[in-house]
Every structure is written in structure tokens, then in C-alpha cells.
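Student: Before I ask anything, let me first share the structure, which is written out below as C-alpha cells.
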Amino acid sequence: MSKLEPPRYVKILFDQYSQNGIMALNDLHKFLMEFQGHEQATKDDAHAIFNSLKYLNIFQRKGLHLEAFLRYLMSDLNAALCPSSGVHQDMKAPLAHYFMFTGHNSYLTGNQLSSDSSVEPIINALRNGVRVIELDLWPNSKKDNVEVRHGGTLTSPVELIKCLHAIKDNAFHASEYPVVITFEDHLTPDLQSKVAKMVTKTFGKMLFCPESDQMKEFPSPESLKKRVMISTKPPKEYVETQNSKEKDTRQKSRKSSKKEHWEDEKAASTIEIEIETETDDKDQLVQIEHIPDEEEEIEYRNLIAIHAGKLKGPLENWLSIDSNKVARLSMSEQEVENATRTNGTDIVRFTQRNLLRVYPKGLRLDSSNYNPFVGWTHGSQMVAFNMQVKVLMGEGWDLDFHRTHFDLYSPPDFFVKLAVAGVPGDKAKRKTGVIKNDWLPDWNEEFEFSLTVPELAVLRIEVFEYDASGKHDFAGQTCYPISELRTGIRAVPLHNRRGELCKNARLLMQFKFACKAPNAI
């Protein structure tokens with residue numbers, strides 16, 4: 001097995017920031033500030049790196065030699081994403097200002113037609129950071145209890161109460177921010193009442209129940225930490241009452257110029273909503289919350305923190321804005337694609353205050369995913385810049401794979417694919433050349449991507465072992481939000497097909513960003 005050798009580029013860099021073959025504390029501090037772009041780095045930061053490297057037995061008392069410097073660059077201490085930053089974005093804006101990690105039919109173990117329903121997919125989803133769990137509620141065979149299953153298919157059911165307990169026990173393992181449970185409700189009123197008791201007893205004070213169903217603005221993720229929210233359509237009798245009230249209001253007021261037509265999910269009732277100008281009165285945005293006691297009985301409709309609806313009628317009508325309350329609208333991926341072509345601006349305006357849930361089309365029976373960027377790209381600030389990616393080298397496959405895994409008779413032939421996913425204008429693909437017969441490939445290739453909406457751009461990195469047949473063997477992958485990447489030379493740990501972190505396989509890459517000069521007018 002060949003020894004890990006620093007690429008020529010790394011050697012030149014080491015010579016630039018070392019003296020007599022040793023990178024001392026001051027040299028490393030200078031490297032962090034000047035080359036890695038860590039302008040706030042202190043000598044304490046450099047000293048902490050030295051202390052960490054001592055445990056790898058590659059540290060000399062005076063500083064880092066070339067091998068130790070390379071080991072540092074390839075280590076988790078130098079990851080492409082800052083390992084200790086945590087959530088550093090402003091989380092105090094209304095919930096509608098954020099993307100939410102959303103599951104679809106979160107209880108299914110496999111395909112949409114014949115797989116089992118279980119709590120295990122729910123647990124795995126929550127532990128991987130999913131914040132929106134979808135449950136389809138149906139009466140059981142005796143019509144005396146509630147089960148979760150994919151209606152009209154051969155999927156087996158699981159009891160609702162088991163799902164609720166699984167959510168409670170795992171909701172905040174990965175994140176303190178709120179979990180939303182969306183109910184696709186196919187229940188009779190008596191079973192809805194039973195669900196209300198289950199939910200209240202299970203979650204208690206974790207449950208967020210707004211005092212009024214006329215929320216003018218959603219609360220912030222910060223204020224909803226460790227809270228559970230229910231989102232579903234209101235009960236039919238409540239909808240009919242609201243329709244009557246709203247008709248009375250329209251007869252008394254002529255301030256409204258537009259109407260918005262909603263149909264409750266899975267229900268035929270239509271709500272006609274009056275449209276008024278938005279208010280700037282901050283006091284009216286404060287939401288009073290009702291926190292139920294564990295033993296307190298609460299009506300099903302009072303559980304609903306996020307009212308759900310499904311589009312009906314002309315596109316322009318249901319995208320009209322109601323300043324008096326916010327809600328969630330569900331659309332299929334095909335409906336969203338069609339709507340963005342003709343009413344993109346209206347969708348952006350709608351999602352500034354309301355939630356839009358996009359679900360896969362029914363033909364995706366294998367539980368595959370659709371392209372989320374169609375929905376994501378309708379509502380973002382745009383700043384253009386260029387991203388340079390240099391793929392330097394890789395290591396670790398010889399430790400994670402058997403020596404004959406890729407090729408029976410010779411070392412593997414690795415190459416790297418790079419792809420940017422985002423708005424249509426930012427999409428691009430690149431790939432390196434193939435390094436023949438080497439477990440420690442050294443590419444040293446540079447690429448450039450022009451980006452207009454970096455906030456929505458994701459860099460996908462995949463490594464393959466070349467096969468002349470065109471069926472290349474998978475050797476690792478990862479995805480990074482480009483706006484979160486750290487500049488400089490960084491370690492890029494790889495994951496397997498299931499998204500699990502590989503123990504050793506990783507790349508060494510360099511990232512640089514430069515603003516694009518605007519075109520002259």
C-alpha cells in the first residue's frame with residue numbers, strides 16, 4: 001500500500017507558512033487568518049489545534065512538520081463546515097420564513113403500496129433532524145379506535161398512540177426546534193374527539209395550542225423550542241360555522257377587494273376568505289397561547305395550531321392574501337410546477353406569511369423524492385458570486401473497503417463528480433479525470449461555478465471507481481449548503497449510500513468565493 005504523500009500544492013503552501021521545515025504556533029495562526037479566511041482566529045485557536053494533534057503522535061514540540069500539517073488538513077479539526085457553530089442564523093422570525101425538513105407518509109418502511117407501517121421510520125426521521133411528520137389517520141376495523149396507514153393500499157397499519165409516543169420520545173433528539181405533526185384526517189367526529197384526548201395526554205405542555213384560530217402571524221422557531229404543533233383541516237362543523245360568520249362579515253364591510261377559495265384537505269366544504277390590506281400594528285402580531293393540562297379535555301379543533309387547506313378554484317383566488325389569519329396550503333409537485341410558471345410572484349407573496357407544503361405525485365410508488373428546488377426558489381434574496389472548487393486528493397478507501405471491492409486484480413481508478421443544485425441558472429456539473437490504480441488519488445483539479453442565489457445552492461460531491469462499461473462503482477458522497485462552506489483547504493468526510501458517515505474515506509478540497517462584478521450599463 002502506498003504512503004500518503006502531500007500534493008505538490010500542499011507542499012508549496014507549507015513552505016510558504018513554515019520556517020526550516022517547521023510550522024510554529026505563530027505560523028499556524030497566520031495560516032488560519034490569511035489562507036483559511038478565519039480572520040477572527042486567535043493564537044489560542046492555533047494552540048488548541050496543536051494540543052489536539054499531540055494525541056495523533058505526529059506533533060513535534062516546536063510545531064508541525066509537513067506530514068503533521070497534512071494530517072491536520074485531512075482531520076475533522078479542519079472540516080468544510082464549522083463543527084462548533086451550531087445554529088447561528090436568526091431564528092426569531094415567523095415560522096413561515098424558514099424551510100422545514102419534511103417527511104411524507106413518515107410511518108412507511110418502504111414503498112407506498114405494500115410496505116409495513118411502523119414507528120421505526122418515524123424514530124429514524126426525527127433522529128436525523130426531520131421536523132415535519134405526516135400521519136394518515138383512519139378508523140380501525142372495529143371503528144372504535146384510530147390507526148395510521150396509507151389508505152387504499154396494501155400497507156399494514158400501526159396504532160396512532162404508538163406513533164405519538166415515538167414522536168414524544170424522539171422529537172428533540174436532533175434539534176430543539178418545533179416538530180409539526182400533519183394529520184391527513186379520515187375520521188368521524190367521535191374518533192376526532194378520541195384523537196384530541198390522545199394528543200393532549202401524550203404531549204401535555206409540549207403541545208402548542210393557540211388561544212385563537214385567527215393567528216395573524218406564525219410564532220418564531222425560537223419561541224417554539226421543544227414544542228409540538230398539530231396541522232390539519234378543521235372539523236367540518238367548525239368550517240360551516242366559520243363560513244356563516246364570514247358571510248355576515250362580508251355583508252357589513254366593503255373593504256375587501258378579493259376572495260380566496262379554500263377546500264379543506266379531503267373535505268368538500270369551501271371557505272371564502274376576505275382579503276384586507278396588511279397591518280403594520282406590531283401589537284396585533286402577538287399570539288396568546290393556551291397550554292393544556294395533561295388531564296384537561298380539549299376539543300379537536302383547538303388542537304390545530306396550523307390550519308390546513310387544499311387548493312380549489314382559480315389559481316389567483318387561492319393565492320390571495322388574508323391579513324387576518326395564516327394557514328398551510330398543500331399542493332402536489334405537479335401543481336407547484338404548473339403554478340410557478342404562471343404565478344411565481346403570487347406564490348412568493350403567499351409564502352411570506354403562510355406555509356406551503358409540496359407533496360410527491362401519486363406515481364412515486366417507490367417513495368422516491370421530487371426536486372425540492374422548484375418550491376424552495378420562490379422567495380429568496382439574490383446575490384451573485386463565483387465559487388471555485390479545487391479537488392486535491394483523497395484517502396481512506398483502503399480502510400473502509402476490502403482490497404478487492406472495486407477491482408479483483410488492481411487498485412481502484414477513482415474520479416470525482418461535482419454538481420450544484422439550486423435555481424435553474426445555478427445548476428451545473430463537473431468531474432475530475434480518472435486517477436488509475438491508486439488508493440490515494442491526487443487530482444489537483446480546479447473548477448468554477450457561477451451562482452446567483454447561493455442561499456439555495458447545494459454542492460453535491462460524489463466519488464466513483466471508473467468502469468469501462470459505464471456502470472461505475474459508488475465510493476462515497478456528501479452534500480453541503482454552499483452558503484455554509486468555510487473557505488480555504490478543508491477536509492470533506494464522505495458518506496455511504498444510506499447517508500451514514502464513512503469511518504475513513506474523505507477528500508481534501510479547497511473552496512474560494514469571489515463576488516462577480518456587475519455588468520456595465
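Following the order of the C-alpha cells, first chain is A, next is B, and so on, with residues numbered from 1 inside each chain and ligands from 1 in the order they appear.
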Stretch 485-501 of chain A: which residues within 8 Å, counting only C-alpha atoms, same-chain residues fewer than 4 positions away excluded, as a PyMOL selection string?
Tutor: chain A and resi 35-37+73-76+78-82+475-478+480-481+505-513
Student: Return as JSON, numbers by chain the full set of residues in stretch 54-172 of chain A whose backbone-based DSSP assignment is helix (DSSP H, G or I).
Tutor: {"A": [54, 66, 67, 68, 69, 70, 71, 72, 73, 74, 76, 77, 78, 95, 96, 97, 120, 121, 122, 123, 124, 125, 126, 127, 160, 161, 162, 163, 164, 165, 166, 167, 168, 169, 170]}
Student: Go ahead and write the selection's residues with C-alpha atoms as a PDB file, in the first residue's frame.
Tutor:
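This went into selection_15.pdb:
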ATOM      1  CA  LYS A  54      -0.479  15.672  20.093  1.00  0.00           C
ATOM      2  CA  LEU A  66       4.873  18.562   6.661  1.00  0.00           C
ATOM      3  CA  GLU A  67       3.247  15.205   7.447  1.00  0.00           C
ATOM      4  CA  ALA A  68       1.600  16.607  10.574  1.00  0.00           C
ATOM      5  CA  PHE A  69       0.327  19.603   8.600  1.00  0.00           C
ATOM      6  CA  LEU A  70      -1.244  17.293   6.014  1.00  0.00           C
ATOM      7  CA  ARG A  71      -2.788  15.162   8.796  1.00  0.00           C
ATOM      8  CA  TYR A  72      -4.300  18.322  10.282  1.00  0.00           C
ATOM      9  CA  LEU A  73      -5.739  19.373   6.917  1.00  0.00           C
ATOM     10  CA  MET A  74      -7.353  15.937   6.463  1.00  0.00           C
ATOM     11  CA  ASP A  76     -12.131  16.666  11.463  1.00  0.00           C
ATOM     12  CA  LEU A  77     -10.466  19.681  13.089  1.00  0.00           C
ATOM     13  CA  ASN A  78     -10.441  21.207   9.598  1.00  0.00           C
ATOM     14  CA  LEU A  95     -42.145  30.209  11.149  1.00  0.00           C
ATOM     15  CA  ALA A  96     -43.113  30.921   7.530  1.00  0.00           C
ATOM     16  CA  HIS A  97     -39.659  32.473   6.960  1.00  0.00           C
ATOM     17  CA  GLU A 120     -39.276   2.910  13.329  1.00  0.00           C
ATOM     18  CA  PRO A 121     -39.260   5.206  10.253  1.00  0.00           C
ATOM     19  CA  ILE A 122     -40.690   7.979  12.453  1.00  0.00           C
ATOM     20  CA  ILE A 123     -37.952   7.491  15.047  1.00  0.00           C
ATOM     21  CA  ASN A 124     -35.218   7.418  12.390  1.00  0.00           C
ATOM     22  CA  ALA A 125     -36.600  10.517  10.695  1.00  0.00           C
ATOM     23  CA  LEU A 126     -36.697  12.547  13.912  1.00  0.00           C
ATOM     24  CA  ARG A 127     -33.223  11.422  14.933  1.00  0.00           C
ATOM     25  CA  LEU A 160     -51.784   6.081  16.385  1.00  0.00           C
ATOM     26  CA  ILE A 161     -50.900   6.056  20.077  1.00  0.00           C
ATOM     27  CA  LYS A 162     -47.631   4.220  19.308  1.00  0.00           C
ATOM     28  CA  CYS A 163     -46.739   6.871  16.742  1.00  0.00           C
ATOM     29  CA  LEU A 164     -47.483   9.682  19.185  1.00  0.00           C
ATOM     30  CA  HIS A 165     -45.288   8.134  21.876  1.00  0.00           C
ATOM     31  CA  ALA A 166     -42.480   7.609  19.346  1.00  0.00           C
ATOM     32  CA  ILE A 167     -42.686  11.285  18.405  1.00  0.00           C
ATOM     33  CA  LYS A 168     -42.690  12.423  22.020  1.00  0.00           C
ATOM     34  CA  ASP A 169     -39.650  10.305  22.909  1.00  0.00           C
ATOM     35  CA  ASN A 170     -37.557  11.345  19.881  1.00  0.00           C
TER      36      ASN A 170
END
Student: Using only C-alpha atoms, which residues sit within 6 Å of A:Val416 once same-chain residues fewer than 2 positions away are excluded, as a PyMOL selection string?
Tutor: chain A and resi 431-432+462-463
Student: Nearest to A:Val423: which of A:Ala46, A:Leu456, A:Leu392, A:Val130 is it, counting only C-alpha atoms?
Tutor: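 When distances to A:Val423 are compared using only C-alpha atoms, the smallest one comes from A:Leu456.
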Student: As a PyMOL selection string, which residues of stretch 156-218 of chain A does DSSP assign to strand (DSSP E or B)?
Tutor: chain A and resi 158-159+179-185+207+209-210
Student: If I take atom CA of A:Arg328 and atom CA of A:Pro219, how far is one from the other in Å, to one decimal?
Tutor: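 Separation of atom CA of A:Arg328 and atom CA of A:Pro219: 13.9 Å.
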Student: Which is closest to A:Pro234 among A:Phe183, A:Phe406, A:Phe449, A:Phe99, if we use only C-alpha atoms?
Tutor: A:Phe183
Student: Tell me, as an mmCIF file with C-alpha atoms, in the first residue's frame, which residues lie within 9 Å of A:Leu303, counting only C-alpha atoms; anything in the same chain fewer than 6 positions away does not count.
Tutor:
data_model
loop_
_atom_site.group_PDB
_atom_site.id
_atom_site.type_symbol
_atom_site.label_atom_id
_atom_site.label_comp_id
_atom_site.auth_asym_id
_atom_site.auth_seq_id
_atom_site.Cartn_x
_atom_site.Cartn_y
_atom_site.Cartn_z
ATOM 1 C CA ALA A 196 -57.767 15.032 20.913
ATOM 2 C CA VAL A 199 -52.665 14.033 21.785
ATOM 3 C CA THR A 200 -53.332 16.091 24.894
ATOM 4 C CA LEU A 207 -48.267 20.883 22.815
ATOM 5 C CA PHE A 208 -48.625 24.364 21.311
ATOM 6 C CA CYS A 209 -52.292 25.386 21.165
ATOM 7 C CA PRO A 210 -53.005 28.980 20.065
ATOM 8 C CA MET A 229 -47.671 21.651 16.715
ATOM 9 C CA ILE A 230 -50.640 19.930 15.070
ATOM 10 C CA SER A 231 -51.557 20.815 11.491
#
